[in-house]
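Heads up: the structure comes next, in C-alpha cells.
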Amino acid sequence: MAPVLQLDNLSTDIQLSRSVVHPVANVSLHIESGETLGLVGESGCGKSMTGLSILGLLPPGGRITDGSVKLDGRDLVGLSEADLRSVRGNEIAMIFQDPLTSLDPTKTIGYQVSEPVRLHRGLSKKEALDRAAEVLGLVGLPRPAERLSDYPHQLSGGLRQRVMIAMALSCEPKVLVADEPTTALDVTIQAQILALLDDLKSRLGMAILLVTHDMGVIAGHTDRVNVMYAGRIVEEATTEQLFAHMHHPYTQALLGSIPRLSQSGTERLANIPGVPPDLSNPPPGCRFAPRCARVTDKCTTDEPPLLSEDVAHSFACWHPVDGPLALAKITDSVPVEAGAGSREHLPSAAAVTVTEPDARDTMEVPGGALLEVRDLVKEFPVTSGMVLQRKVGSVKAVSGVSFTIEAGKTFGLVGESGCGKTTIGKLVVALEKATSGQVLLGGKDLASMHGKALRHHRRNLQLMFQDPYSSLDPRMRVGAIIREPLTAQGIGSHKEQQDRIFELLDEVGLPRNAVERYPHEFSGGQRQRIGLARALTLNPQLIVADEPVSALDVSIQAQVLNLMKRLQTDHGLTYLVISHDLAVVKYMASTIGVMYLGKLVEVGSGDDIYQRAAHPYTAGLINTIPIPDPQAAKARSEVGIQGELPSAINPPSGCRFRTRCPFVQERCVEEEPQLRSFGPGHIAACHFPLQGYEPPGAATATATATATAGTGSAVGDAFAS
C-alpha cells in the first residue's frame, strides 16, 4: 500500500533573537492507512515539532527549510495558508498534549466540536451540532447531547481529552497526530484513551502518529516505531522487532529507565545521564555520544548514518547493542550521573550544622512509628450565593483514613486524581486543618499546635510539590530559594547558610553556580532536584513527595527516584510518596495504601498489592499500567477500570467503588465494606474480594502496626467484622 503520509528529509528551523534552533533534522517516515506509528523520545528531541511541521503550525520564527510532507502524494510544504487551512482539521487533525489549554474556555463544547464540520463541510448549525453529539458519543462521552452546552472547565481531564479527540475526528481525517495525548492523565484514564484510539483506528481506517516518551505506551499501541533523539531519527523498526532486537543504546536506555512491578526496590533504576543537547548548537558526530556508555573517539567526530539491517529495521550507531539487556547489566553499563545514585565525583563540602544547640526537639518515636494518622477526615464546604455564602454541601475529600509510617521507611499512597491523596499530604504537613482526626509526628498531635509551636515543629516536615516549575518563585535565584527556609527559621549566619546551600547542591547533583540562576533556566528534572534540595534544607525527618516524577520523562524520572533512594539511605529520611503510578510507588515504598474517593481500600506490602491484590480497584490499577512488552501488552483483553470517578460531594452509598466495579452486587449498594485481614500487614475493604481473607485469629500484630484504615473504627474492630 502507498503511505497516506510520507516525510522525506524534513528539516525545520526556528529563528530566535540570537540563535537558530534546529529541532527537526532530515527526518523521514511514513504511515499507511489503518496503521499507528510511534514517535518516541525524551522532551526536547523534536517529536512535537515534527507533528507541528506536518500541519504547518510552527511557532513564530519557525519554517521548513528542506524536505517534503506528502499527504496521499500531495506535497503540503509550500502551500498557501488558505490551502493549509483547508487541510488542517479536515484531512489531517491533531490531538494536543494539554486539553485544558487547547480548548477555548469561552466557547461551549458543542460549538468547538461542531466548528470543523461547519468550516470544512458547510453544514448548518443544527446539522453541525447533531454531528458533534454523534462524534462525542463515538468517543465515549457520557450523555453527549447534554454536554453540548457545557464549558471545558466543567469536565474532568479524561472527558476534556475525549472532547479533543472528538474535535479531531469530526471531519473523519485520513491522518491523526496524537501529541502525548495521555501524559497529563491518570493511568486509568490513559488506558481508556489509548484503547479508544485503537478502536477508532480500526473502525475508521485512520493513520495515527502517536508521539510519546513512554516505551510502555509504545509497546501496546503501535505497529511500528521511530526513535527520535536531538532532532534525528536514530532507530526505526516494527514494534515487536524493536523491543526484541533494539540496536541503538538510546532505545535500550529508554526501555531500562521504566520502573517495573517485578523490579526490586533495592535495585537502582537504569538512567540516562545528562539531558539532550542544545539544538541551536548540536554536538559534532553522534548527538547521543555525550551521554552514551559505548562512546569512542569516532562517535565524537563522525555522525553515523541511518543504516538498514533489513527492510523493516534501521539504526544510526557505530557501536550497536543487540536487544534489551537484563536490568542488572543495564545498570552496570549506564554511567551514573553525579548525585543521581552515586556519590562519586561530587565536590567535597564541609559538614555544616544548621541547627542551633537545643533548637530542635528530640523526636521520641514510640515503637519506631514516626508518623501516625488516625481517623483523618477533611471536608471542604460547598457554598451558594454571592453575599451570604450559604453552605449547600461539602466535598468529602478524606473520610476516616488511618495509617502509620515507621522511621526511615516509605509509605506509598496510590490512586486516581480526585481520590484525596494530595489533601492527605497537605494535612500531614499542616498546610490544611483536618475536620476531625489526628496527625501525630513523633507522638505529638500537629492539629493541637498553633503559632510558634507549630512553626517550630514543622521543621521536621517538608513537601515536594508535583509541579516544580510552579512551586519555585520565578523571580528568585536558586540560592535564595534554598536559603529561604533557613532565613524563615532564623538559623545560622550568612556564611553558614551559604555553606549549607552548596552542600545541598552537591547532594542533589547540581553545580554550585546554580545559585545565581533562575528556575526557568533549568530542565524539569533539574527543577525537581532544586525542590528536593529546598525540602532537605532544615534536615527534616519526614518528606511528603506529591507526584514527584509524574511530569518528567522516564529517563529523568529514573534519575530523581534514584536520588531520593540514596538520600533516604544517607540521611535516614522517611517518605510519604503520593502517586497514581503503582509501578513508581512499588519501587519506592515498603508499604502501599490504595486510596479511592477519600478512603483507603487496601493496604499491604508491594508484593501483597502486586501479587495478591484483594480489592478489584487495586487489580484494575495494576491492569492499566503500560507494559513495555508488545506481546504481553497486546494480550490484555480489556481496560482495567472503566468510567469516571464519582463526585466527592455525593459519593455512592455502600461501597464507593461499586459504580465502576465488575463484581458489584446488591450488598455493595446497601452496606459499606469494612477492613479485613488477608495476611500479615495486608488488609482490604471489599465484600467480594479477589483473594480469601483470614479470620481474626490468623492476622498477626504486624497488620495493625504497619497500616490501618477505616471510618471512625479501630483496625481490630474492622478485622473482627
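By order in the C-alpha cells, chains are A, B, ...; within a chain, residues start at 1; ligands start at 1, following the order shown.
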
Quiz item: Do you know which residues are at most 9 Å from A:Lys174 counting only C-alpha atoms, after dropping those on the same chain fewer than 3 positions away, and could you put them as a ChimeraX atom specification?
Solution: /A:4-5,33,71,90-93,204-208

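The smallest atom-to-atom distance between A:Gly51 and any of A:Ala535, A:Ile193, A:Leu209, A:Val163, using only C-alpha atoms, is found for A:Leu209.
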
Which residues, written as a CSV table (one decimal) with N, CA and C atoms, in the first residue's frame, have at least one atom at most 12 Å from A:Arg475, with only C-alpha atoms counted and residues fewer than 4 positions away on the same chain left out?
```
chain,number,residue,atom,x,y,z
A,469,TYR,N,8.0,23.6,38.6
A,469,TYR,CA,8.1,24.9,38.0
A,469,TYR,C,7.2,25.9,38.7
A,470,SER,N,6.0,25.5,38.9
A,470,SER,CA,5.0,26.5,39.6
A,470,SER,C,5.3,26.6,41.0
A,471,SER,N,6.0,25.7,41.7
A,471,SER,CA,6.3,25.8,43.1
A,471,SER,C,7.5,26.6,43.4
A,479,GLY,N,19.8,30.1,44.7
A,479,GLY,CA,20.4,30.2,46.0
A,479,GLY,C,19.4,30.8,47.1
A,480,ALA,N,18.7,31.8,46.7
A,480,ALA,CA,17.7,32.4,47.6
A,480,ALA,C,16.5,31.5,47.9
A,481,ILE,N,16.2,30.7,46.9
A,481,ILE,CA,15.1,29.7,47.1
A,481,ILE,C,15.5,28.7,48.2
A,516,GLU,N,23.2,31.2,41.2
A,516,GLU,CA,23.0,32.5,40.5
A,516,GLU,C,21.9,32.5,39.4
A,517,ARG,N,21.4,31.3,39.2
A,517,ARG,CA,20.4,31.2,38.1
A,517,ARG,C,19.0,31.1,38.5
A,518,TYR,N,18.1,31.3,37.6
A,518,TYR,CA,16.6,31.3,37.9
A,518,TYR,C,16.0,30.0,37.5
A,519,PRO,N,14.8,29.6,38.1
A,519,PRO,CA,14.2,28.3,37.8
A,519,PRO,C,14.0,28.0,36.3
A,520,HIS,N,13.7,29.1,35.5
A,520,HIS,CA,13.3,28.8,34.1
A,520,HIS,C,14.6,28.4,33.3
A,521,GLU,N,15.8,28.5,33.9
A,521,GLU,CA,17.0,28.2,33.2
A,521,GLU,C,17.3,26.7,33.3
```

Give me, as a tab-separated table, the closest atom pair and its distance (Å, one decimal) for every residue of stretch 449-488 of chain A within a cut-off of 10 Å of stretch 522-529 of chain A, counting only C-alpha atoms, rows sorted by chain and rising number.
```
residue	atom	partner	partner_atom	distance
A:Met464	CA	A:Gln528	CA	8.2
A:Phe465	CA	A:Gln528	CA	8.5
A:Gln466	CA	A:Gln528	CA	8.8
A:Asp467	CA	A:Gln528	CA	8.1
A:Pro468	CA	A:Gln528	CA	5.3
A:Tyr469	CA	A:Arg527	CA	6.6
A:Ser471	CA	A:Arg527	CA	9.6
A:Leu472	CA	A:Arg527	CA	8.2
A:Val478	CA	A:Arg527	CA	9.5
```

Could the residues in this selection be written to a file with N, CA and C atoms, as an mmCIF file, in the first residue's frame?
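Output saved as part.cif:
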```cif
data_model
loop_
_atom_site.group_PDB
_atom_site.id
_atom_site.type_symbol
_atom_site.label_atom_id
_atom_site.label_comp_id
_atom_site.auth_asym_id
_atom_site.auth_seq_id
_atom_site.Cartn_x
_atom_site.Cartn_y
_atom_site.Cartn_z
ATOM 1 N N MET A 464 7.484 17.995 48.850
ATOM 2 C CA MET A 464 7.930 18.086 47.464
ATOM 3 C C MET A 464 6.691 18.197 46.586
ATOM 4 N N PHE A 465 6.581 19.299 45.836
ATOM 5 C CA PHE A 465 5.377 19.551 45.058
ATOM 6 C C PHE A 465 5.406 18.807 43.725
ATOM 7 N N GLN A 466 4.185 18.622 43.168
ATOM 8 C CA GLN A 466 4.043 17.880 41.919
ATOM 9 C C GLN A 466 4.679 18.612 40.746
ATOM 10 N N ASP A 467 4.460 19.918 40.671
ATOM 11 C CA ASP A 467 4.979 20.713 39.561
ATOM 12 C C ASP A 467 6.108 21.590 40.074
ATOM 13 N N PRO A 468 7.364 21.219 39.824
ATOM 14 C CA PRO A 468 8.478 22.002 40.375
ATOM 15 C C PRO A 468 8.562 23.404 39.798
ATOM 16 N N TYR A 469 8.031 23.607 38.597
ATOM 17 C CA TYR A 469 8.140 24.931 37.987
ATOM 18 C C TYR A 469 7.228 25.934 38.691
ATOM 19 N N SER A 471 5.998 25.694 41.664
ATOM 20 C CA SER A 471 6.256 25.789 43.102
ATOM 21 C C SER A 471 7.527 26.562 43.421
ATOM 22 N N LEU A 472 8.316 26.934 42.400
ATOM 23 C CA LEU A 472 9.520 27.731 42.602
ATOM 24 C C LEU A 472 9.239 29.155 42.138
ATOM 25 N N VAL A 478 18.126 30.503 42.521
ATOM 26 C CA VAL A 478 18.101 29.212 43.205
ATOM 27 C C VAL A 478 18.713 29.317 44.600
#
```

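Nearest residue to A:Glu42 among A:Val139, A:Val27, A:Ala253, A:Ala178 is A:Ala253, counting only C-alpha atoms.
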
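Nearest residue to A:Thr188 among A:Leu621, A:Cys655, A:Ala558, A:Leu76 is A:Leu621, counting only C-alpha atoms.
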
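Residues lying within 8 Å of stretch 413-417 of chain A, counting only C-alpha atoms and ignoring same-chain neighbours fewer than 5 positions away, are Asp186, Val187, Thr188, Leu576, Val577, Ile578, Ser579, His580, Asp581, Leu582, Val585, Ile592, Gly593, Val594, Met595, Tyr596 and Leu621 of chain A.
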